[in-house]
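Source file: protein-v6.cif; contents: mmCIF, N, CA and C atoms.
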data_my_file
loop_
_atom_site.label_atom_id
_atom_site.label_comp_id
_atom_site.auth_asym_id
_atom_site.auth_seq_id
_atom_site.Cartn_x
_atom_site.Cartn_y
_atom_site.Cartn_z
N MET A 265 0.84 -1.17 0.00
CA MET A 265 0.00 0.00 0.00
C MET A 265 0.89 1.24 0.00
N ARG A 266 0.45 2.29 -0.70
CA ARG A 266 1.21 3.53 -0.82
C ARG A 266 0.28 4.73 -0.71
N THR A 267 0.84 5.85 -0.37
CA THR A 267 0.12 7.12 -0.44
C THR A 267 0.75 7.93 -1.56
N ARG A 268 -0.02 8.89 -2.06
CA ARG A 268 0.50 9.72 -3.13
C ARG A 268 -0.06 11.12 -2.99
N THR A 269 0.81 12.10 -3.09
CA THR A 269 0.42 13.50 -3.15
C THR A 269 0.70 13.97 -4.57
N VAL A 270 -0.32 14.50 -5.20
CA VAL A 270 -0.21 14.95 -6.59
C VAL A 270 -0.41 16.46 -6.63
N VAL A 271 0.43 17.13 -7.42
CA VAL A 271 0.34 18.58 -7.57
C VAL A 271 0.15 18.88 -9.05
N SER A 272 -0.94 19.57 -9.36
CA SER A 272 -1.16 19.97 -10.76
C SER A 272 -1.70 21.39 -10.80
N GLN A 273 -1.44 22.04 -11.90
CA GLN A 273 -1.94 23.38 -12.14
C GLN A 273 -3.34 23.19 -12.72
N ALA A 274 -4.36 23.70 -12.05
CA ALA A 274 -5.74 23.32 -12.34
C ALA A 274 -6.21 23.64 -13.75
N HIS A 275 -6.03 24.85 -14.23
CA HIS A 275 -6.66 25.17 -15.52
C HIS A 275 -5.85 24.71 -16.72
N SER A 276 -4.57 24.41 -16.56
CA SER A 276 -3.79 23.89 -17.70
C SER A 276 -3.53 22.39 -17.57
N TYR A 277 -3.84 21.81 -16.41
CA TYR A 277 -3.59 20.40 -16.11
C TYR A 277 -2.10 20.06 -16.15
N HIS A 278 -1.24 21.07 -15.99
CA HIS A 278 0.20 20.89 -15.98
C HIS A 278 0.60 20.23 -14.66
N TRP A 279 1.23 19.06 -14.75
CA TRP A 279 1.65 18.35 -13.55
C TRP A 279 2.92 18.99 -13.00
N LEU A 280 2.90 19.32 -11.73
CA LEU A 280 4.07 19.91 -11.08
C LEU A 280 4.83 18.89 -10.25
N GLY A 281 4.19 17.80 -9.91
CA GLY A 281 4.88 16.79 -9.14
C GLY A 281 3.95 15.72 -8.61
N SER A 282 4.53 14.59 -8.27
CA SER A 282 3.81 13.48 -7.64
C SER A 282 4.78 12.88 -6.63
N PHE A 283 4.36 12.84 -5.38
CA PHE A 283 5.24 12.38 -4.31
C PHE A 283 4.54 11.27 -3.55
N GLY A 284 5.24 10.18 -3.31
CA GLY A 284 4.63 9.06 -2.62
C GLY A 284 5.56 8.42 -1.62
N ASN A 285 4.94 7.66 -0.75
CA ASN A 285 5.67 6.90 0.26
C ASN A 285 4.91 5.62 0.53
N SER A 286 5.59 4.67 1.13
CA SER A 286 4.93 3.41 1.45
C SER A 286 3.99 3.57 2.64
N GLY A 287 3.04 2.68 2.75
CA GLY A 287 2.10 2.68 3.87
C GLY A 287 1.27 3.94 3.93
N ASN A 288 1.12 4.49 5.15
CA ASN A 288 0.36 5.73 5.32
C ASN A 288 1.14 6.95 4.90
N GLY A 289 2.38 6.77 4.50
CA GLY A 289 3.19 7.86 3.97
C GLY A 289 3.65 8.85 5.02
N LEU A 290 4.25 9.90 4.52
CA LEU A 290 4.74 11.01 5.35
C LEU A 290 4.07 12.26 4.80
N TYR A 291 2.79 12.43 5.12
CA TYR A 291 1.99 13.44 4.45
C TYR A 291 2.50 14.85 4.64
N ARG A 292 3.07 15.18 5.78
CA ARG A 292 3.59 16.54 5.98
C ARG A 292 4.83 16.77 5.11
N GLU A 293 5.67 15.76 5.01
CA GLU A 293 6.85 15.86 4.14
C GLU A 293 6.41 15.99 2.69
N GLU A 294 5.42 15.19 2.29
CA GLU A 294 4.91 15.26 0.91
C GLU A 294 4.31 16.63 0.63
N LEU A 295 3.59 17.19 1.60
CA LEU A 295 2.99 18.51 1.43
C LEU A 295 4.08 19.57 1.27
N ARG A 296 5.12 19.49 2.07
CA ARG A 296 6.22 20.47 1.96
C ARG A 296 6.89 20.39 0.59
N ARG A 297 7.08 19.18 0.08
CA ARG A 297 7.65 19.00 -1.26
C ARG A 297 6.71 19.56 -2.32
N ALA A 298 5.41 19.34 -2.14
CA ALA A 298 4.42 19.88 -3.08
C ALA A 298 4.43 21.41 -3.07
N LEU A 299 4.50 22.01 -1.88
CA LEU A 299 4.54 23.47 -1.79
C LEU A 299 5.81 24.02 -2.41
N SER A 300 6.91 23.30 -2.28
CA SER A 300 8.15 23.71 -2.92
C SER A 300 8.00 23.70 -4.44
N ALA A 301 7.34 22.68 -4.98
CA ALA A 301 7.09 22.60 -6.42
C ALA A 301 6.19 23.75 -6.88
N ILE A 302 5.17 24.07 -6.08
CA ILE A 302 4.28 25.18 -6.42
C ILE A 302 5.05 26.49 -6.38
N GLY A 303 5.87 26.67 -5.35
CA GLY A 303 6.70 27.87 -5.25
C GLY A 303 7.63 28.02 -6.44
N GLY A 304 8.23 26.92 -6.88
CA GLY A 304 9.10 26.95 -8.06
C GLY A 304 8.34 27.34 -9.32
N TYR A 305 7.14 26.82 -9.47
CA TYR A 305 6.30 27.17 -10.62
C TYR A 305 5.98 28.66 -10.61
N LEU A 306 5.57 29.17 -9.44
CA LEU A 306 5.23 30.59 -9.34
C LEU A 306 6.43 31.46 -9.65
N GLN A 307 7.59 31.07 -9.12
CA GLN A 307 8.81 31.85 -9.36
C GLN A 307 9.18 31.83 -10.85
N ALA A 308 9.09 30.67 -11.48
CA ALA A 308 9.44 30.55 -12.90
C ALA A 308 8.53 31.40 -13.79
N HIS A 309 7.29 31.60 -13.35
CA HIS A 309 6.33 32.38 -14.14
C HIS A 309 6.14 33.80 -13.59
N HIS A 310 7.02 34.19 -12.67
CA HIS A 310 7.00 35.54 -12.08
C HIS A 310 5.64 35.87 -11.49
N LEU A 311 5.10 34.93 -10.71
CA LEU A 311 3.81 35.11 -10.06
C LEU A 311 4.00 35.19 -8.54
N ALA A 312 3.18 36.00 -7.91
CA ALA A 312 3.23 36.12 -6.45
C ALA A 312 2.57 34.90 -5.81
N PRO A 313 2.99 34.51 -4.60
CA PRO A 313 2.34 33.38 -3.92
C PRO A 313 0.83 33.58 -3.74
N THR A 314 0.40 34.84 -3.64
CA THR A 314 -1.03 35.10 -3.47
C THR A 314 -1.83 34.85 -4.74
N SER A 315 -1.17 34.57 -5.86
CA SER A 315 -1.91 34.26 -7.09
C SER A 315 -2.23 32.77 -7.19
N ALA A 316 -1.76 31.99 -6.24
CA ALA A 316 -2.04 30.55 -6.22
C ALA A 316 -3.05 30.23 -5.14
N LEU A 317 -3.87 29.25 -5.40
CA LEU A 317 -4.81 28.73 -4.41
C LEU A 317 -4.54 27.24 -4.29
N VAL A 318 -4.11 26.82 -3.12
CA VAL A 318 -3.77 25.42 -2.87
C VAL A 318 -5.01 24.73 -2.32
N ARG A 319 -5.42 23.64 -2.96
CA ARG A 319 -6.57 22.86 -2.49
C ARG A 319 -6.07 21.58 -1.85
N LEU A 320 -6.48 21.38 -0.60
CA LEU A 320 -6.05 20.20 0.15
C LEU A 320 -7.25 19.30 0.43
N ASP A 321 -7.07 18.03 0.20
CA ASP A 321 -8.10 17.03 0.46
C ASP A 321 -7.50 15.91 1.29
N GLY A 322 -8.38 15.07 1.76
CA GLY A 322 -7.94 13.84 2.41
C GLY A 322 -7.13 14.04 3.66
N GLN A 323 -5.98 13.38 3.72
CA GLN A 323 -5.20 13.36 4.95
C GLN A 323 -4.62 14.72 5.33
N ASP A 324 -4.57 15.67 4.41
CA ASP A 324 -4.03 16.99 4.73
C ASP A 324 -5.04 17.89 5.42
N GLY A 325 -6.26 17.45 5.62
CA GLY A 325 -7.33 18.30 6.14
C GLY A 325 -7.34 18.51 7.63
N THR A 326 -6.19 18.87 8.22
CA THR A 326 -6.14 19.14 9.66
C THR A 326 -5.52 20.51 9.89
N GLY A 327 -5.77 21.06 11.05
CA GLY A 327 -5.20 22.34 11.41
C GLY A 327 -3.68 22.30 11.53
N ALA A 328 -3.10 21.12 11.76
CA ALA A 328 -1.65 20.99 11.93
C ALA A 328 -0.89 21.42 10.68
N VAL A 329 -1.46 21.22 9.50
CA VAL A 329 -0.73 21.55 8.27
C VAL A 329 -0.77 23.03 7.94
N ILE A 330 -1.58 23.81 8.63
CA ILE A 330 -1.70 25.24 8.32
C ILE A 330 -0.36 25.94 8.45
N ALA A 331 0.45 25.53 9.43
CA ALA A 331 1.77 26.14 9.59
C ALA A 331 2.64 25.92 8.36
N ASP A 332 2.47 24.79 7.67
CA ASP A 332 3.25 24.50 6.47
C ASP A 332 2.83 25.36 5.29
N LEU A 333 1.64 25.95 5.35
CA LEU A 333 1.08 26.69 4.22
C LEU A 333 1.40 28.18 4.25
N ALA A 334 2.28 28.61 5.12
CA ALA A 334 2.59 30.03 5.28
C ALA A 334 2.86 30.67 3.92
N GLY A 335 2.16 31.75 3.63
CA GLY A 335 2.35 32.46 2.37
C GLY A 335 1.44 32.02 1.25
N PHE A 336 0.77 30.89 1.39
CA PHE A 336 -0.12 30.41 0.35
C PHE A 336 -1.58 30.56 0.78
N LEU A 337 -2.44 30.89 -0.15
CA LEU A 337 -3.88 30.86 0.09
C LEU A 337 -4.32 29.41 -0.09
N PHE A 338 -5.30 28.96 0.69
CA PHE A 338 -5.68 27.56 0.60
C PHE A 338 -7.17 27.35 0.86
N VAL A 339 -7.65 26.26 0.32
CA VAL A 339 -8.98 25.73 0.59
C VAL A 339 -8.76 24.31 1.04
N MET A 340 -9.38 23.95 2.16
CA MET A 340 -9.13 22.64 2.74
C MET A 340 -10.45 21.99 3.13
N ARG A 341 -10.60 20.75 2.76
CA ARG A 341 -11.73 19.97 3.28
C ARG A 341 -11.25 19.34 4.57
N GLY A 342 -11.81 19.82 5.67
CA GLY A 342 -11.34 19.39 6.97
C GLY A 342 -11.73 17.97 7.32
N LYS A 343 -10.81 17.28 7.98
CA LYS A 343 -11.14 15.96 8.52
C LYS A 343 -11.12 15.98 10.04
N ASP A 344 -10.72 17.11 10.62
CA ASP A 344 -10.67 17.26 12.07
C ASP A 344 -11.96 17.95 12.51
N TYR A 345 -12.94 17.17 12.91
CA TYR A 345 -14.25 17.71 13.22
C TYR A 345 -14.32 18.40 14.58
N SER A 346 -13.21 18.46 15.32
CA SER A 346 -13.23 19.15 16.61
C SER A 346 -13.46 20.65 16.43
N VAL A 347 -13.20 21.18 15.24
CA VAL A 347 -13.46 22.60 14.99
C VAL A 347 -14.96 22.89 15.15
N LEU A 348 -15.80 21.89 14.96
CA LEU A 348 -17.24 22.07 15.13
C LEU A 348 -17.63 22.31 16.58
N ASP A 349 -16.76 21.94 17.52
CA ASP A 349 -17.04 22.15 18.94
C ASP A 349 -16.68 23.55 19.42
N ARG A 350 -16.04 24.33 18.60
CA ARG A 350 -15.65 25.68 19.00
C ARG A 350 -16.90 26.52 19.25
N PRO A 351 -16.90 27.35 20.29
CA PRO A 351 -18.09 28.12 20.65
C PRO A 351 -18.61 29.01 19.52
N GLU A 352 -17.69 29.65 18.75
CA GLU A 352 -18.14 30.52 17.68
C GLU A 352 -18.81 29.75 16.55
N VAL A 353 -18.39 28.51 16.33
CA VAL A 353 -19.03 27.68 15.31
C VAL A 353 -20.37 27.18 15.83
N GLN A 354 -20.41 26.70 17.07
CA GLN A 354 -21.67 26.23 17.65
C GLN A 354 -22.73 27.33 17.66
N SER A 355 -22.35 28.55 18.04
CA SER A 355 -23.35 29.62 18.07
C SER A 355 -23.83 29.94 16.66
N ARG A 356 -22.96 29.84 15.66
CA ARG A 356 -23.36 30.10 14.27
C ARG A 356 -24.32 29.03 13.77
N LEU A 357 -24.10 27.78 14.18
CA LEU A 357 -24.95 26.68 13.72
C LEU A 357 -26.37 26.76 14.29
N HIS A 358 -26.57 27.55 15.33
CA HIS A 358 -27.91 27.71 15.90
C HIS A 358 -28.69 28.84 15.24
N LEU A 359 -28.11 29.49 14.25
CA LEU A 359 -28.78 30.54 13.48
C LEU A 359 -29.17 29.97 12.12
N PRO A 360 -30.03 30.67 11.37
CA PRO A 360 -30.38 30.18 10.03
C PRO A 360 -29.15 30.08 9.12
N ALA A 361 -29.21 29.16 8.17
CA ALA A 361 -28.10 28.95 7.23
C ALA A 361 -27.92 30.18 6.35
N ASP A 362 -26.68 30.38 5.88
CA ASP A 362 -26.39 31.47 4.96
C ASP A 362 -26.88 31.17 3.55
N GLN A 363 -26.76 29.91 3.15
CA GLN A 363 -27.18 29.50 1.81
C GLN A 363 -27.54 28.03 1.81
N GLN A 364 -28.19 27.62 0.73
CA GLN A 364 -28.44 26.20 0.48
C GLN A 364 -27.70 25.82 -0.79
N PHE A 365 -27.26 24.59 -0.83
CA PHE A 365 -26.56 24.07 -2.00
C PHE A 365 -27.16 22.71 -2.31
N SER A 366 -27.47 22.49 -3.58
CA SER A 366 -28.01 21.17 -3.95
C SER A 366 -27.35 20.69 -5.23
N ARG A 367 -27.34 19.39 -5.39
CA ARG A 367 -26.82 18.75 -6.61
C ARG A 367 -27.98 18.03 -7.25
N SER A 368 -28.22 18.33 -8.50
CA SER A 368 -29.38 17.75 -9.18
C SER A 368 -29.30 16.23 -9.29
N GLU A 369 -28.09 15.68 -9.43
CA GLU A 369 -27.98 14.24 -9.61
C GLU A 369 -28.30 13.45 -8.34
N SER A 370 -28.08 14.04 -7.16
CA SER A 370 -28.35 13.30 -5.93
C SER A 370 -29.62 13.78 -5.23
N GLY A 371 -30.02 15.02 -5.49
CA GLY A 371 -31.18 15.57 -4.82
C GLY A 371 -30.91 15.99 -3.38
N LEU A 372 -29.68 15.78 -2.90
CA LEU A 372 -29.32 16.14 -1.54
C LEU A 372 -29.17 17.66 -1.44
N VAL A 373 -29.78 18.24 -0.42
CA VAL A 373 -29.67 19.68 -0.17
C VAL A 373 -28.83 19.89 1.08
N ARG A 374 -27.82 20.72 0.97
CA ARG A 374 -26.95 21.02 2.10
C ARG A 374 -27.20 22.46 2.55
N GLN A 375 -27.17 22.65 3.87
CA GLN A 375 -27.25 23.98 4.45
C GLN A 375 -25.81 24.45 4.69
N LEU A 376 -25.49 25.68 4.28
CA LEU A 376 -24.14 26.20 4.43
C LEU A 376 -24.11 27.31 5.47
N TYR A 377 -23.17 27.20 6.40
CA TYR A 377 -23.00 28.16 7.49
C TYR A 377 -21.60 28.75 7.40
N ASP A 378 -21.52 30.05 7.28
CA ASP A 378 -20.23 30.75 7.16
C ASP A 378 -19.77 31.22 8.53
N CYS A 379 -18.59 30.77 8.92
CA CYS A 379 -17.97 31.19 10.18
C CYS A 379 -16.67 31.89 9.78
N PRO A 380 -16.68 33.22 9.65
CA PRO A 380 -15.58 33.93 8.99
C PRO A 380 -14.29 34.09 9.79
N ASP A 381 -14.28 33.81 11.08
CA ASP A 381 -13.08 34.09 11.86
C ASP A 381 -12.94 33.08 13.00
N VAL A 382 -12.38 31.90 12.68
CA VAL A 382 -12.26 30.82 13.65
C VAL A 382 -10.78 30.47 13.81
N ALA A 383 -10.34 30.34 15.04
CA ALA A 383 -8.96 29.92 15.31
C ALA A 383 -8.84 28.42 15.06
N VAL A 384 -7.92 28.05 14.18
CA VAL A 384 -7.76 26.65 13.78
C VAL A 384 -6.30 26.23 13.96
N GLY A 385 -6.11 25.00 14.36
CA GLY A 385 -4.78 24.43 14.48
C GLY A 385 -4.08 24.82 15.76
N PRO A 386 -2.89 24.24 15.99
CA PRO A 386 -2.15 24.48 17.22
C PRO A 386 -1.76 25.95 17.42
N GLU A 387 -1.50 26.67 16.32
CA GLU A 387 -1.12 28.07 16.43
C GLU A 387 -2.33 29.00 16.47
N GLY A 388 -3.53 28.48 16.31
CA GLY A 388 -4.73 29.30 16.35
C GLY A 388 -4.84 30.26 15.18
N VAL A 389 -4.45 29.81 13.99
CA VAL A 389 -4.51 30.64 12.79
C VAL A 389 -5.98 30.97 12.51
N ARG A 390 -6.26 32.24 12.27
CA ARG A 390 -7.63 32.68 12.00
C ARG A 390 -8.00 32.27 10.58
N CYS A 391 -9.07 31.48 10.46
CA CYS A 391 -9.51 30.96 9.17
C CYS A 391 -11.01 31.16 9.00
N ARG A 392 -11.42 31.18 7.77
CA ARG A 392 -12.84 31.14 7.44
C ARG A 392 -13.23 29.68 7.36
N VAL A 393 -14.25 29.31 8.10
CA VAL A 393 -14.73 27.93 8.11
C VAL A 393 -16.16 27.93 7.57
N VAL A 394 -16.42 27.11 6.56
CA VAL A 394 -17.77 26.94 6.02
C VAL A 394 -18.22 25.54 6.39
N VAL A 395 -19.32 25.45 7.10
CA VAL A 395 -19.86 24.16 7.53
C VAL A 395 -21.04 23.81 6.64
N ALA A 396 -21.01 22.61 6.07
CA ALA A 396 -22.11 22.11 5.25
C ALA A 396 -22.82 21.00 6.02
N THR A 397 -24.12 21.15 6.19
CA THR A 397 -24.90 20.13 6.90
C THR A 397 -25.99 19.60 5.97
N HIS A 398 -26.49 18.44 6.29
CA HIS A 398 -27.64 17.88 5.58
C HIS A 398 -28.38 16.95 6.52
N PRO A 399 -29.66 16.73 6.27
CA PRO A 399 -30.41 15.82 7.14
C PRO A 399 -29.83 14.40 7.08
N ALA A 400 -29.90 13.71 8.20
CA ALA A 400 -29.42 12.33 8.23
C ALA A 400 -30.30 11.48 7.32
N GLY A 401 -29.68 10.55 6.62
CA GLY A 401 -30.42 9.65 5.74
C GLY A 401 -31.12 8.57 6.53
N GLU A 402 -31.96 7.82 5.85
CA GLU A 402 -32.68 6.74 6.53
C GLU A 402 -31.75 5.58 6.87
N LYS A 403 -30.71 5.40 6.05
CA LYS A 403 -29.73 4.37 6.37
C LYS A 403 -28.37 5.03 6.54
N LYS A 404 -27.50 4.41 7.32
CA LYS A 404 -26.20 4.97 7.63
C LYS A 404 -25.34 5.00 6.38
N SER A 405 -24.65 6.13 6.18
CA SER A 405 -23.77 6.29 5.03
C SER A 405 -22.53 5.40 5.20
N ARG A 406 -22.02 4.90 4.09
CA ARG A 406 -20.80 4.09 4.13
C ARG A 406 -19.59 4.94 4.42
N ILE A 407 -19.67 6.25 4.17
CA ILE A 407 -18.52 7.14 4.32
C ILE A 407 -18.70 8.00 5.54
#

Using structure tokens, write down the structure that the file contains.
Amino acid sequence: MRTRTVVSQAHSYHWLGSFGNSGNGLYREELRRALSAIGGYLQAHHLAPTSALVRLDGQDGTGAVIADLAGFLFVMRGKDYSVLDRPEVQSRLHLPADQQFSRSESGLVRQLYDCPDVAVGPEGVRCRVVVATHPAGEKKSRI
């Protein structure tokens, strides 16, 4: 079994790198290598770090990696649900949703709650957190 971190430029599909390790991998090391590749791309094209948006999925979705992202803008799908226990998030979830989002193919409607200033990770980096909720299904989800 292996893990793999892939870096690509979204609108041109230009591959910047693919980094892997055996087993569960070394995801923080892979992320640092990926950020180095992104930095090299930006430098080669004379672009500022703020012109890039790094999207993180899967195992990178924790507050711990935020320190590694210094200087980069990012969007992250969180896997650390403890952020939902924060008082500012809990108080926001008790108010009406900011928006609804639905996908025609599934019919599932999600309620979106914007929490614009939440301390995340060990350093308490201020982040915008968007929480998506939906009604529980009749049967338990596999995921």

*In chain A, DSSP alpha helix (DSSP H) residues written as a list in words*: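 The alpha helix (DSSP H) subset of chain A is Tyr291, Arg292, Glu293, Glu294, Leu295, Arg296, Arg297, Ala298, Leu299, Ser300, Ala301, Ile302, Gly303, Gly304, Tyr305, Leu306, Gln307, Ala308, Pro351, Glu352, Val353, Gln354, Ser355, Arg356 and Leu357 of chain A.
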
Would you export the selected residues with N, CA and C atoms as a CSV table (one decimal), keeping the file's coordinate frame, please?
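For reference, part.csv as written:
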chain,number,residue,atom,x,y,z
A,291,TYR,N,2.8,12.4,5.1
A,291,TYR,CA,2.0,13.4,4.4
A,291,TYR,C,2.5,14.8,4.6
A,292,ARG,N,3.1,15.2,5.8
A,292,ARG,CA,3.6,16.5,6.0
A,292,ARG,C,4.8,16.8,5.1
A,293,GLU,N,5.7,15.8,5.0
A,293,GLU,CA,6.8,15.9,4.1
A,293,GLU,C,6.4,16.0,2.7
A,294,GLU,N,5.4,15.2,2.3
A,294,GLU,CA,4.9,15.3,0.9
A,294,GLU,C,4.3,16.6,0.6
A,295,LEU,N,3.6,17.2,1.6
A,295,LEU,CA,3.0,18.5,1.4
A,295,LEU,C,4.1,19.6,1.3
A,296,ARG,N,5.1,19.5,2.1
A,296,ARG,CA,6.2,20.5,2.0
A,296,ARG,C,6.9,20.4,0.6
A,297,ARG,N,7.1,19.2,0.1
A,297,ARG,CA,7.6,19.0,-1.3
A,297,ARG,C,6.7,19.6,-2.3
A,298,ALA,N,5.4,19.3,-2.1
A,298,ALA,CA,4.4,19.9,-3.1
A,298,ALA,C,4.4,21.4,-3.1
A,299,LEU,N,4.5,22.0,-1.9
A,299,LEU,CA,4.5,23.5,-1.8
A,299,LEU,C,5.8,24.0,-2.4
A,300,SER,N,6.9,23.3,-2.3
A,300,SER,CA,8.2,23.7,-2.9
A,300,SER,C,8.0,23.7,-4.4
A,301,ALA,N,7.3,22.7,-5.0
A,301,ALA,CA,7.1,22.6,-6.4
A,301,ALA,C,6.2,23.8,-6.9
A,302,ILE,N,5.2,24.1,-6.1
A,302,ILE,CA,4.3,25.2,-6.4
A,302,ILE,C,5.0,26.5,-6.4
A,303,GLY,N,5.9,26.7,-5.4
A,303,GLY,CA,6.7,27.9,-5.2
A,303,GLY,C,7.6,28.0,-6.4
A,304,GLY,N,8.2,26.9,-6.9
A,304,GLY,CA,9.1,27.0,-8.1
A,304,GLY,C,8.3,27.3,-9.3
A,305,TYR,N,7.1,26.8,-9.5
A,305,TYR,CA,6.3,27.2,-10.6
A,305,TYR,C,6.0,28.7,-10.6
A,306,LEU,N,5.6,29.2,-9.4
A,306,LEU,CA,5.2,30.6,-9.3
A,306,LEU,C,6.4,31.5,-9.6
A,307,GLN,N,7.6,31.1,-9.1
A,307,GLN,CA,8.8,31.8,-9.4
A,307,GLN,C,9.2,31.8,-10.8
A,308,ALA,N,9.1,30.7,-11.5
A,308,ALA,CA,9.4,30.6,-12.9
A,308,ALA,C,8.5,31.4,-13.8
A,351,PRO,N,-16.9,27.4,20.3
A,351,PRO,CA,-18.1,28.1,20.6
A,351,PRO,C,-18.6,29.0,19.5
A,352,GLU,N,-17.7,29.6,18.8
A,352,GLU,CA,-18.1,30.5,17.7
A,352,GLU,C,-18.8,29.8,16.6
A,353,VAL,N,-18.4,28.5,16.3
A,353,VAL,CA,-19.0,27.7,15.3
A,353,VAL,C,-20.4,27.2,15.8
A,354,GLN,N,-20.4,26.7,17.1
A,354,GLN,CA,-21.7,26.2,17.6
A,354,GLN,C,-22.7,27.3,17.7
A,355,SER,N,-22.4,28.6,18.0
A,355,SER,CA,-23.4,29.6,18.1
A,355,SER,C,-23.8,29.9,16.7
A,356,ARG,N,-23.0,29.8,15.7
A,356,ARG,CA,-23.4,30.1,14.3
A,356,ARG,C,-24.3,29.0,13.8
A,357,LEU,N,-24.1,27.8,14.2
A,357,LEU,CA,-25.0,26.7,13.7
A,357,LEU,C,-26.4,26.8,14.3

*Let me know the residues the PyMOL selection byres (((chain A and resi 330 and name CA) around 10) and name CA) catches in the file above, as an NGL selection string.*
:A and (324-329 or 331-334 or 336 or 338 or 340 or 384-389 or 391)

*Just so the selection is clear, what residues does the PyMOL selection byres ((chain A and resi 314) around 7) cover here, as a ChimeraX atom specification?*
/A:311-313,315-317,335-337

_For the provided coordinates, the residues matched by the PyMOL selection byres (((chain A and resi 266-270 and name CA) around 9) and name CA) should be stated as a ChimeraX atom specification._
/A:265,271-272,279-291,294-295,298

*One decimal, Å: what's the distance from atom N of Arg319 in chain A over to atom C of Val353 in chain A, could you say?*
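Computing it gives 24.3 Å between the two atoms.
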
*asked:* So the first atom is atom N of Thr397 in chain A and the second is atom N of Ala274 in chain A; what is the distance between them in Å, to one decimal place?
replied: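 Interatomic distance here is 27.0 Å.
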
*Between A:Asp378, A:Glu293, A:Ser370, A:Leu320, which one has atoms that come closest to Leu357 in chain A, using all atoms listed in the file?*
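Using all atoms listed in the file, Leu357 in chain A sits closest to A:Asp378.
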
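Taking atom C of Arg350 in chain A and CA of Leu376 in chain A as the two end points, the separation is 16.5 Å.
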
*Quick one: pick out all strand (DSSP E or B) residues within chain A from a backbone DSSP run and write them as a VMD selection string.*
chain A and resid 266 to 273 278 to 286 317 to 320 337 to 340 363 to 366 373 to 384 389 to 397

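Take the candidates A:Arg292, A:Ile302, A:Tyr377, A:Lys403 and check each one against Pro360 in chain A using all atoms listed in the file; the shortest distance goes to A:Tyr377.
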
*Which residue, A:Val318, A:Cys379, A:Leu299, A:Leu372, has the smallest gap to Ser355 in chain A when you use only C-alpha atoms?*
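Distance minimum relative to Ser355 in chain A lands on A:Cys379.
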
Can you sort out range 391-402 of chain A so it carries N, CA, C and O atoms, written as a tab-separated table (two decimals), keeping the file's coordinate frame?
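Everything below was put into out32.tsv:
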chain	number	residue	atom	x	y	z
A	391	CYS	N	-9.07	31.48	10.46
A	391	CYS	CA	-9.51	30.96	9.17
A	391	CYS	C	-11.01	31.16	9.00
A	391	CYS	O	-11.75	31.26	9.98
A	392	ARG	N	-11.42	31.18	7.77
A	392	ARG	CA	-12.84	31.14	7.44
A	392	ARG	C	-13.23	29.68	7.36
A	392	ARG	O	-12.63	28.90	6.62
A	393	VAL	N	-14.25	29.31	8.10
A	393	VAL	CA	-14.73	27.93	8.11
A	393	VAL	C	-16.16	27.93	7.57
A	393	VAL	O	-17.01	28.68	8.05
A	394	VAL	N	-16.42	27.11	6.56
A	394	VAL	CA	-17.77	26.94	6.02
A	394	VAL	C	-18.22	25.54	6.39
A	394	VAL	O	-17.55	24.56	6.05
A	395	VAL	N	-19.32	25.45	7.10
A	395	VAL	CA	-19.86	24.16	7.53
A	395	VAL	C	-21.04	23.81	6.64
A	395	VAL	O	-21.96	24.62	6.47
A	396	ALA	N	-21.01	22.61	6.07
A	396	ALA	CA	-22.11	22.11	5.25
A	396	ALA	C	-22.82	21.00	6.02
A	396	ALA	O	-22.18	20.06	6.47
A	397	THR	N	-24.12	21.15	6.19
A	397	THR	CA	-24.90	20.13	6.90
A	397	THR	C	-25.99	19.60	5.97
A	397	THR	O	-26.36	20.25	5.00
A	398	HIS	N	-26.49	18.44	6.29
A	398	HIS	CA	-27.64	17.88	5.58
A	398	HIS	C	-28.38	16.95	6.52
A	398	HIS	O	-27.80	16.44	7.49
A	399	PRO	N	-29.66	16.73	6.27
A	399	PRO	CA	-30.41	15.82	7.14
A	399	PRO	C	-29.83	14.40	7.08
A	399	PRO	O	-29.33	13.97	6.05
A	400	ALA	N	-29.90	13.71	8.20
A	400	ALA	CA	-29.42	12.33	8.23
A	400	ALA	C	-30.30	11.48	7.32
A	400	ALA	O	-31.53	11.67	7.25
A	401	GLY	N	-29.68	10.55	6.62
A	401	GLY	CA	-30.42	9.65	5.74
A	401	GLY	C	-31.12	8.57	6.53
A	401	GLY	O	-30.88	8.39	7.73
A	402	GLU	N	-31.96	7.82	5.85
A	402	GLU	CA	-32.68	6.74	6.53
A	402	GLU	C	-31.75	5.58	6.87
A	402	GLU	O	-31.96	4.87	7.83
